[in-house]
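Have a look at run_23.pdb below; it lists PDB, C-alpha atoms and all ligand atoms.
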```pdb
MODEL        1
ATOM      1  CA  MET A  18      88.273  -8.770  55.272  1.00  0.00           C
ATOM      2  CA  THR A  19      90.507  -7.119  57.886  1.00  0.00           C
ATOM      3  CA  GLU A  20      87.522  -6.127  60.035  1.00  0.00           C
ATOM      4  CA  ASP A  21      86.819  -9.824  60.737  1.00  0.00           C
ATOM      5  CA  LEU A  22      90.242 -10.216  62.316  1.00  0.00           C
ATOM      6  CA  PHE A  23      89.120  -7.918  65.131  1.00  0.00           C
ATOM      7  CA  GLU A  24      85.637  -9.340  65.516  1.00  0.00           C
ATOM      8  CA  ASP A  25      86.238 -10.868  68.928  1.00  0.00           C
ATOM      9  CA  GLN A  26      87.883  -7.701  70.260  1.00  0.00           C
ATOM     10  CA  ARG A  27      84.707  -5.698  69.865  1.00  0.00           C
ATOM     11  CA  LEU A  28      82.713  -4.633  72.901  1.00  0.00           C
ATOM     12  CA  PRO A  29      81.018  -6.076  74.794  1.00  0.00           C
ATOM     13  CA  TRP A  30      82.823  -9.244  75.744  1.00  0.00           C
ATOM     14  CA  GLN A  31      82.756 -11.379  78.850  1.00  0.00           C
ATOM     15  CA  GLU A  32      85.550 -12.515  81.141  1.00  0.00           C
ATOM     16  CA  ALA A  33      84.954 -15.098  83.858  1.00  0.00           C
ATOM     17  CA  LEU A  34      86.636 -14.408  87.215  1.00  0.00           C
ATOM     18  CA  CYS A  35      85.505 -17.708  88.758  1.00  0.00           C
ATOM     19  CA  PRO A  36      82.294 -19.758  88.691  1.00  0.00           C
ATOM     20  CA  GLY A  37      79.496 -17.240  89.388  1.00  0.00           C
ATOM     21  CA  ALA A  38      81.527 -14.073  88.689  1.00  0.00           C
ATOM     22  CA  LEU A  39      81.885 -12.363  85.317  1.00  0.00           C
ATOM     23  CA  VAL A  40      83.109  -9.070  83.885  1.00  0.00           C
ATOM     24  CA  LEU A  41      80.958  -7.757  81.027  1.00  0.00           C
ATOM     25  CA  ARG A  42      83.323  -5.367  79.277  1.00  0.00           C
ATOM     26  CA  GLY A  43      81.690  -2.216  77.948  1.00  0.00           C
ATOM     27  CA  TYR A  44      78.216  -3.497  78.747  1.00  0.00           C
ATOM     28  CA  ALA A  45      76.927  -0.158  80.089  1.00  0.00           C
ATOM     29  CA  LEU A  46      78.596   2.028  77.427  1.00  0.00           C
ATOM     30  CA  PRO A  47      75.513   2.422  75.181  1.00  0.00           C
ATOM     31  CA  HIS A  48      73.597   3.725  78.192  1.00  0.00           C
ATOM     32  CA  ASP A  49      76.194   5.917  79.884  1.00  0.00           C
ATOM     33  CA  ALA A  50      74.478   9.259  79.181  1.00  0.00           C
ATOM     34  CA  ALA A  51      71.107   7.980  80.424  1.00  0.00           C
ATOM     35  CA  LEU A  52      72.734   6.438  83.513  1.00  0.00           C
ATOM     36  CA  LEU A  53      74.508   9.695  84.375  1.00  0.00           C
ATOM     37  CA  ALA A  54      71.341  11.756  83.915  1.00  0.00           C
ATOM     38  CA  ALA A  55      69.475   9.366  86.231  1.00  0.00           C
ATOM     39  CA  LEU A  56      72.341   9.537  88.705  1.00  0.00           C
ATOM     40  CA  ASP A  57      72.025  13.334  88.855  1.00  0.00           C
ATOM     41  CA  THR A  58      68.333  13.004  89.690  1.00  0.00           C
ATOM     42  CA  VAL A  59      69.059  10.541  92.498  1.00  0.00           C
ATOM     43  CA  ALA A  60      71.916  12.608  93.946  1.00  0.00           C
ATOM     44  CA  ALA A  61      69.765  15.772  93.915  1.00  0.00           C
ATOM     45  CA  ALA A  62      67.214  14.026  96.170  1.00  0.00           C
ATOM     46  CA  ALA A  63      69.669  12.000  98.263  1.00  0.00           C
ATOM     47  CA  PRO A  64      73.049  13.767  98.347  1.00  0.00           C
ATOM     48  CA  PHE A  65      76.361  11.899  98.513  1.00  0.00           C
ATOM     49  CA  ARG A  66      77.772  11.669 102.026  1.00  0.00           C
ATOM     50  CA  HIS A  67      80.741  10.057 103.775  1.00  0.00           C
ATOM     51  CA  MET A  68      79.184   7.505 106.115  1.00  0.00           C
ATOM     52  CA  VAL A  69      80.793   6.638 109.430  1.00  0.00           C
ATOM     53  CA  THR A  70      81.850   3.019 109.912  1.00  0.00           C
ATOM     54  CA  PRO A  71      80.990   1.085 113.091  1.00  0.00           C
ATOM     55  CA  GLY A  72      84.668   1.616 114.044  1.00  0.00           C
ATOM     56  CA  GLY A  73      84.202   5.397 113.928  1.00  0.00           C
ATOM     57  CA  TYR A  74      85.996   6.209 110.661  1.00  0.00           C
ATOM     58  CA  HIS A  75      84.572   8.268 107.824  1.00  0.00           C
ATOM     59  CA  MET A  76      84.564   6.251 104.596  1.00  0.00           C
ATOM     60  CA  SER A  77      86.811   7.700 101.864  1.00  0.00           C
ATOM     61  CA  VAL A  78      84.113   6.697  99.392  1.00  0.00           C
ATOM     62  CA  ALA A  79      81.005   8.917  99.343  1.00  0.00           C
ATOM     63  CA  THR A  80      77.716   7.032  99.035  1.00  0.00           C
ATOM     64  CA  THR A  81      74.048   7.482  98.330  1.00  0.00           C
ATOM     65  CA  SER A  82      71.250   5.084  97.445  1.00  0.00           C
ATOM     66  CA  CYS A  83      68.026   4.645  95.518  1.00  0.00           C
ATOM     67  CA  GLY A  84      65.298   2.057  95.564  1.00  0.00           C
ATOM     68  CA  SER A  85      63.149   0.589  98.340  1.00  0.00           C
ATOM     69  CA  TYR A  86      66.234   0.083 100.492  1.00  0.00           C
ATOM     70  CA  GLY A  87      69.363   2.163 100.931  1.00  0.00           C
ATOM     71  CA  TRP A  88      72.631   1.000 102.408  1.00  0.00           C
ATOM     72  CA  VAL A  89      73.478   2.759 105.657  1.00  0.00           C
ATOM     73  CA  SER A  90      76.480   2.681 107.978  1.00  0.00           C
ATOM     74  CA  ASP A  91      76.795   4.318 111.392  1.00  0.00           C
ATOM     75  CA  HIS A  92      78.308   3.602 114.795  1.00  0.00           C
ATOM     76  CA  THR A  93      75.756   0.794 115.334  1.00  0.00           C
ATOM     77  CA  GLY A  94      76.730  -1.140 112.200  1.00  0.00           C
ATOM     78  CA  TYR A  95      75.815  -1.659 108.545  1.00  0.00           C
ATOM     79  CA  ARG A  96      72.249  -2.223 107.380  1.00  0.00           C
ATOM     80  CA  TYR A  97      69.637  -1.461 104.761  1.00  0.00           C
ATOM     81  CA  ASP A  98      67.039   1.146 105.655  1.00  0.00           C
ATOM     82  CA  ARG A  99      63.909   2.311 103.850  1.00  0.00           C
ATOM     83  CA  LEU A 100      64.639   5.893 104.911  1.00  0.00           C
ATOM     84  CA  ASP A 101      67.603   8.123 104.140  1.00  0.00           C
ATOM     85  CA  PRO A 102      68.958   9.137 107.558  1.00  0.00           C
ATOM     86  CA  ALA A 103      70.122  12.469 106.071  1.00  0.00           C
ATOM     87  CA  THR A 104      66.595  13.539 105.097  1.00  0.00           C
ATOM     88  CA  GLY A 105      64.314  11.195 107.071  1.00  0.00           C
ATOM     89  CA  THR A 106      62.434  10.433 103.849  1.00  0.00           C
ATOM     90  CA  PRO A 107      62.369   7.340 101.591  1.00  0.00           C
ATOM     91  CA  TRP A 108      65.262   6.974  99.167  1.00  0.00           C
ATOM     92  CA  PRO A 109      64.496   8.146  95.617  1.00  0.00           C
ATOM     93  CA  PRO A 110      63.146   5.359  93.386  1.00  0.00           C
ATOM     94  CA  LEU A 111      65.411   3.210  91.219  1.00  0.00           C
ATOM     95  CA  PRO A 112      65.398   4.943  87.811  1.00  0.00           C
ATOM     96  CA  PRO A 113      64.013   2.624  85.070  1.00  0.00           C
ATOM     97  CA  VAL A 114      67.337   2.765  83.176  1.00  0.00           C
ATOM     98  CA  PHE A 115      69.086   1.358  86.297  1.00  0.00           C
ATOM     99  CA  ILE A 116      66.577  -1.483  86.669  1.00  0.00           C
ATOM    100  CA  GLN A 117      66.731  -2.428  82.998  1.00  0.00           C
ATOM    101  CA  LEU A 118      70.523  -2.454  82.860  1.00  0.00           C
ATOM    102  CA  ALA A 119      70.771  -4.473  86.082  1.00  0.00           C
ATOM    103  CA  GLN A 120      68.258  -7.058  84.833  1.00  0.00           C
ATOM    104  CA  ASP A 121      69.869  -7.354  81.408  1.00  0.00           C
ATOM    105  CA  ALA A 122      73.409  -7.631  82.782  1.00  0.00           C
ATOM    106  CA  ALA A 123      72.352 -10.242  85.338  1.00  0.00           C
ATOM    107  CA  ALA A 124      70.602 -12.274  82.626  1.00  0.00           C
ATOM    108  CA  SER A 125      73.686 -12.036  80.365  1.00  0.00           C
ATOM    109  CA  ALA A 126      75.712 -13.457  83.244  1.00  0.00           C
ATOM    110  CA  GLY A 127      73.243 -16.333  83.702  1.00  0.00           C
ATOM    111  CA  PHE A 128      71.093 -14.890  86.495  1.00  0.00           C
ATOM    112  CA  GLU A 129      67.633 -14.693  84.932  1.00  0.00           C
ATOM    113  CA  GLY A 130      64.819 -12.880  86.699  1.00  0.00           C
ATOM    114  CA  PHE A 131      66.952 -10.542  88.816  1.00  0.00           C
ATOM    115  CA  VAL A 132      64.847  -7.644  90.128  1.00  0.00           C
ATOM    116  CA  PRO A 133      66.895  -5.193  92.206  1.00  0.00           C
ATOM    117  CA  ASP A 134      65.274  -3.304  95.059  1.00  0.00           C
ATOM    118  CA  ALA A 135      68.375  -1.378  96.128  1.00  0.00           C
ATOM    119  CA  GLY A 136      70.901   0.697  94.206  1.00  0.00           C
ATOM    120  CA  LEU A 137      73.991   1.706  96.154  1.00  0.00           C
ATOM    121  CA  ILE A 138      76.011   4.461  94.509  1.00  0.00           C
ATOM    122  CA  ASN A 139      79.668   4.908  95.425  1.00  0.00           C
ATOM    123  CA  ARG A 140      81.699   7.953  94.431  1.00  0.00           C
ATOM    124  CA  TYR A 141      85.490   7.705  94.478  1.00  0.00           C
ATOM    125  CA  VAL A 142      87.879  10.632  94.094  1.00  0.00           C
ATOM    126  CA  PRO A 143      91.634  10.027  93.696  1.00  0.00           C
ATOM    127  CA  GLY A 144      92.921   8.265  96.821  1.00  0.00           C
ATOM    128  CA  ALA A 145      89.517   6.863  97.816  1.00  0.00           C
ATOM    129  CA  ARG A 146      89.393   3.098  98.311  1.00  0.00           C
ATOM    130  CA  LEU A 147      87.164   0.327  99.542  1.00  0.00           C
ATOM    131  CA  SER A 148      88.777  -2.292 101.742  1.00  0.00           C
ATOM    132  CA  LEU A 149      88.098  -5.994 101.257  1.00  0.00           C
ATOM    133  CA  HIS A 150      84.572  -6.902 102.349  1.00  0.00           C
ATOM    134  CA  GLN A 151      81.645  -9.207 101.657  1.00  0.00           C
ATOM    135  CA  ASP A 152      78.236  -7.907 100.578  1.00  0.00           C
ATOM    136  CA  ARG A 153      76.240  -9.684 103.261  1.00  0.00           C
ATOM    137  CA  ASP A 154      73.671  -7.196 104.541  1.00  0.00           C
ATOM    138  CA  GLU A 155      71.121  -8.348 101.926  1.00  0.00           C
ATOM    139  CA  HIS A 156      68.422 -10.847 102.919  1.00  0.00           C
ATOM    140  CA  ASP A 157      68.523 -12.808  99.703  1.00  0.00           C
ATOM    141  CA  PHE A 158      71.899 -14.291  98.770  1.00  0.00           C
ATOM    142  CA  GLY A 159      70.141 -16.119  95.905  1.00  0.00           C
ATOM    143  CA  ALA A 160      70.235 -12.871  93.915  1.00  0.00           C
ATOM    144  CA  PRO A 161      73.498 -11.642  92.355  1.00  0.00           C
ATOM    145  CA  ILE A 162      75.236  -8.286  92.765  1.00  0.00           C
ATOM    146  CA  VAL A 163      75.470  -6.199  89.570  1.00  0.00           C
ATOM    147  CA  SER A 164      78.208  -3.561  89.674  1.00  0.00           C
ATOM    148  CA  VAL A 165      78.553  -0.819  87.026  1.00  0.00           C
ATOM    149  CA  SER A 166      81.727   1.275  86.662  1.00  0.00           C
ATOM    150  CA  LEU A 167      81.606   4.837  85.306  1.00  0.00           C
ATOM    151  CA  GLY A 168      84.276   7.526  85.069  1.00  0.00           C
ATOM    152  CA  LEU A 169      87.920   7.048  86.064  1.00  0.00           C
ATOM    153  CA  PRO A 170      89.440   3.562  85.857  1.00  0.00           C
ATOM    154  CA  ALA A 171      89.941   1.533  89.028  1.00  0.00           C
ATOM    155  CA  VAL A 172      91.481  -1.734  90.127  1.00  0.00           C
ATOM    156  CA  PHE A 173      88.852  -4.085  91.570  1.00  0.00           C
ATOM    157  CA  LEU A 174      90.107  -6.820  93.880  1.00  0.00           C
ATOM    158  CA  PHE A 175      88.216 -10.086  93.753  1.00  0.00           C
ATOM    159  CA  GLY A 176      89.051 -12.812  96.231  1.00  0.00           C
ATOM    160  CA  GLY A 177      87.291 -15.839  97.629  1.00  0.00           C
ATOM    161  CA  PRO A 178      85.075 -16.902 100.502  1.00  0.00           C
ATOM    162  CA  ARG A 179      87.692 -16.059 103.138  1.00  0.00           C
ATOM    163  CA  ARG A 180      89.272 -12.652 103.739  1.00  0.00           C
ATOM    164  CA  THR A 181      92.717 -14.223 103.497  1.00  0.00           C
ATOM    165  CA  ASP A 182      92.055 -15.832 100.102  1.00  0.00           C
ATOM    166  CA  LYS A 183      94.281 -14.676  97.262  1.00  0.00           C
ATOM    167  CA  THR A 184      92.739 -11.830  95.242  1.00  0.00           C
ATOM    168  CA  VAL A 185      92.904 -11.141  91.520  1.00  0.00           C
ATOM    169  CA  ARG A 186      93.300  -7.542  90.323  1.00  0.00           C
ATOM    170  CA  VAL A 187      90.661  -6.653  87.763  1.00  0.00           C
ATOM    171  CA  PRO A 188      91.129  -3.327  85.950  1.00  0.00           C
ATOM    172  CA  LEU A 189      87.703  -1.745  85.420  1.00  0.00           C
ATOM    173  CA  VAL A 190      86.987   1.147  83.066  1.00  0.00           C
ATOM    174  CA  HIS A 191      83.995   3.315  82.203  1.00  0.00           C
ATOM    175  CA  GLY A 192      81.136   1.084  81.054  1.00  0.00           C
ATOM    176  CA  ASP A 193      82.371  -2.216  82.501  1.00  0.00           C
ATOM    177  CA  VAL A 194      79.902  -4.285  84.528  1.00  0.00           C
ATOM    178  CA  VAL A 195      80.810  -6.996  87.041  1.00  0.00           C
ATOM    179  CA  VAL A 196      78.224  -9.557  88.122  1.00  0.00           C
ATOM    180  CA  TRP A 197      78.780 -11.990  90.977  1.00  0.00           C
ATOM    181  CA  GLY A 198      76.328 -14.442  92.440  1.00  0.00           C
ATOM    182  CA  GLY A 199      75.704 -18.140  92.974  1.00  0.00           C
ATOM    183  CA  PRO A 200      78.857 -19.770  94.356  1.00  0.00           C
ATOM    184  CA  ALA A 201      80.678 -16.382  94.296  1.00  0.00           C
ATOM    185  CA  ARG A 202      77.916 -14.353  95.948  1.00  0.00           C
ATOM    186  CA  LEU A 203      79.740 -13.911  99.273  1.00  0.00           C
ATOM    187  CA  TYR A 204      83.265 -13.599  97.891  1.00  0.00           C
ATOM    188  CA  TYR A 205      85.465 -10.864  99.319  1.00  0.00           C
ATOM    189  CA  HIS A 206      86.114  -7.862  97.095  1.00  0.00           C
ATOM    190  CA  GLY A 207      87.395  -4.283  97.289  1.00  0.00           C
ATOM    191  CA  VAL A 208      88.797  -1.388  95.312  1.00  0.00           C
ATOM    192  CA  LEU A 209      92.420  -0.135  95.382  1.00  0.00           C
ATOM    193  CA  PRO A 210      93.004   3.598  95.963  1.00  0.00           C
ATOM    194  CA  LEU A 211      91.813   5.494  92.888  1.00  0.00           C
ATOM    195  CA  LYS A 212      94.606   6.976  90.771  1.00  0.00           C
ATOM    196  CA  ASP A 213      94.623  10.616  89.634  1.00  0.00           C
ATOM    197  CA  GLY A 214      93.046  11.276  86.289  1.00  0.00           C
ATOM    198  CA  CYS A 215      90.385  13.171  84.431  1.00  0.00           C
ATOM    199  CA  HIS A 216      87.558  11.360  82.684  1.00  0.00           C
ATOM    200  CA  PRO A 217      85.915  13.139  79.716  1.00  0.00           C
ATOM    201  CA  LEU A 218      82.385  12.692  81.129  1.00  0.00           C
ATOM    202  CA  LEU A 219      82.939  12.566  84.886  1.00  0.00           C
ATOM    203  CA  GLY A 220      86.137  14.528  85.536  1.00  0.00           C
ATOM    204  CA  GLU A 221      88.204  13.520  88.549  1.00  0.00           C
ATOM    205  CA  GLN A 222      85.948  10.794  89.883  1.00  0.00           C
ATOM    206  CA  ARG A 223      84.713   7.264  89.534  1.00  0.00           C
ATOM    207  CA  ILE A 224      81.089   6.312  90.104  1.00  0.00           C
ATOM    208  CA  ASN A 225      80.119   2.745  90.896  1.00  0.00           C
ATOM    209  CA  LEU A 226      76.499   1.619  90.867  1.00  0.00           C
ATOM    210  CA  THR A 227      75.722  -1.672  92.587  1.00  0.00           C
ATOM    211  CA  PHE A 228      72.330  -3.258  92.263  1.00  0.00           C
ATOM    212  CA  ARG A 229      71.146  -5.672  94.875  1.00  0.00           C
ATOM    213  CA  LYS A 230      68.125  -7.534  96.134  1.00  0.00           C
ATOM    214  CA  ALA A 231      68.240  -6.320  99.704  1.00  0.00           C
ATOM    215  CA  GLY A 232      64.737  -6.891 101.078  1.00  0.00           C
TER     216      GLY A 232
HETATM  217  C1  LIG B   1      81.182  -2.448  96.261  1.00  0.00           C
HETATM  218  O1  LIG B   1      81.851  -3.390  96.602  1.00  0.00           O
HETATM  219  O2  LIG B   1      80.090  -2.206  96.791  1.00  0.00           O
HETATM  220  C2  LIG B   1      81.643  -1.507  95.162  1.00  0.00           C
HETATM  221  C3  LIG B   1      82.664  -2.074  94.270  1.00  0.00           C
HETATM  222  C4  LIG B   1      83.178  -1.042  93.283  1.00  0.00           C
HETATM  223  O3  LIG B   1      83.191   0.163  93.579  1.00  0.00           O
HETATM  224  O4  LIG B   1      83.611  -1.445  92.186  1.00  0.00           O
HETATM  225 FE   FE2 B   2      80.766  -4.692  97.915  1.00  0.00          FE
ENDMDL
END
```

For the file at hand, write its structure as structure tokens.
Amino acid sequence: MTEDLFEDQRLPWQEALCPGALVLRGYALPHDAALLAALDTVAAAAPFRHMVTPGGYHMSVATTSCGSYGWVSDHTGYRYDRLDPATGTPWPPLPPVFIQLAQDAAASAGFEGFVPDAGLINRYVPGARLSLHQDRDEHDFGAPIVSVSLGLPAVFLFGGPRRTDKTVRVPLVHGDVVVWGGPARLYYHGVLPLKDGCHPLLGEQRINLTFRKAG
């Protein structure tokens, strides 16, 4: 009977951060190989790059996108664009495994009917970080954000509606998925500088996939 003692420690399990925000531990684990293969296809068509912020800094995080809309930053500001400015062509399509995972994770978190049209891919190497921000370039705040962590662990900061609100530190590991929407849709969040390490599948990096309804 000992196995029953550990029943509730088995993956996946859910942790609420606040109303509208949930961590689905290990949710993406069964699909990690398929997600990484799809990621390679996207990155071959739309290479990772360090975008310039409106303030003139290069982001420490490298980004690329897939779907009808890609997230773009330059000296004029942040926006979604149908074309990749690096190639002048449309972003590669959202791979079916991305769409399915995003829909299923959103539904598990209580957001039925989520259909992403944008997949932003962030690549962190040790030292890379993402300062506190809101995801507010999307047109439809009725849809949640679905965020998938792969590779090295990271500490995700999750705050509130104001930049100065207290943040909680959420350790995220390979396969964890965070979903925020509804009352938490515009909450501030960020990622602390990535620590050194070597992940068996991804080496010295962390990949984060975020699925959005941008258009
Ligand atoms: C983001 O805020 O867009 C990414 C968050 C993460 O890398 O976990
Ligand atoms: Fe974000």

>> Which residues are near ligand LIG 1 (chain B) in this structure, taking near to mean any atom at most 8 Å from a ligand atom and counting only C-alpha atoms and all ligand atoms? Format them as a list of chain:residue names.
In response: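 My answer, listing the contacting residues, is A:Leu137, A:Asn139, A:Arg140, A:Tyr141, A:Leu147, A:His150, A:Gln151, A:Asp152, A:Ser164, A:Val165, A:Ser166, A:Ala171, A:Phe173, A:Leu189, A:His206, A:Gly207, A:Val208, A:Ile224, A:Asn225, A:Leu226, A:Thr227.
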
> Around (89.5, 10.8, 84.8) in the file's own coordinates, what residues are found within 10 Å if you use only C-alpha atoms, given back as a PyMOL selection string?
Replying inline: chain A and resi 142-143+167-170+191+211-223

>> One decimal, in Å: what's the spacing between atom CA of A:Asp154 and atom CA of A:Ala135?
In response: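 Value for the atom CA of A:Asp154-atom CA of A:Ala135 distance: 11.5 Å.
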
> atom CA of A:Phe158 to atom CA of A:Arg202: how many Å, to one decimal?
Replying inline: 6.6 Å

> If the PyMOL selection byres (((chain A and resi 133) around 8) and not hetatm) is run on the structure shown, which residues does it catch, given as a ChimeraX atom specification?
Replying inline: /A:116,119-120,131-132,134-136,228-231

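Comparing A:Tyr205, A:Trp88, A:Asp57, A:Ala126 by their smallest distance to A:Thr184, the closest is A:Tyr205 (using all atoms listed in the file).
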
> With all atoms listed in the file as the basis for distance, which of A:Glu155, A:Asp193, A:Asp182, A:Glu129 is at the shortest distance from A:Asp98?
Replying inline: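 Looking only at the distances to A:Asp98, the closest residue turns out to be A:Glu155.
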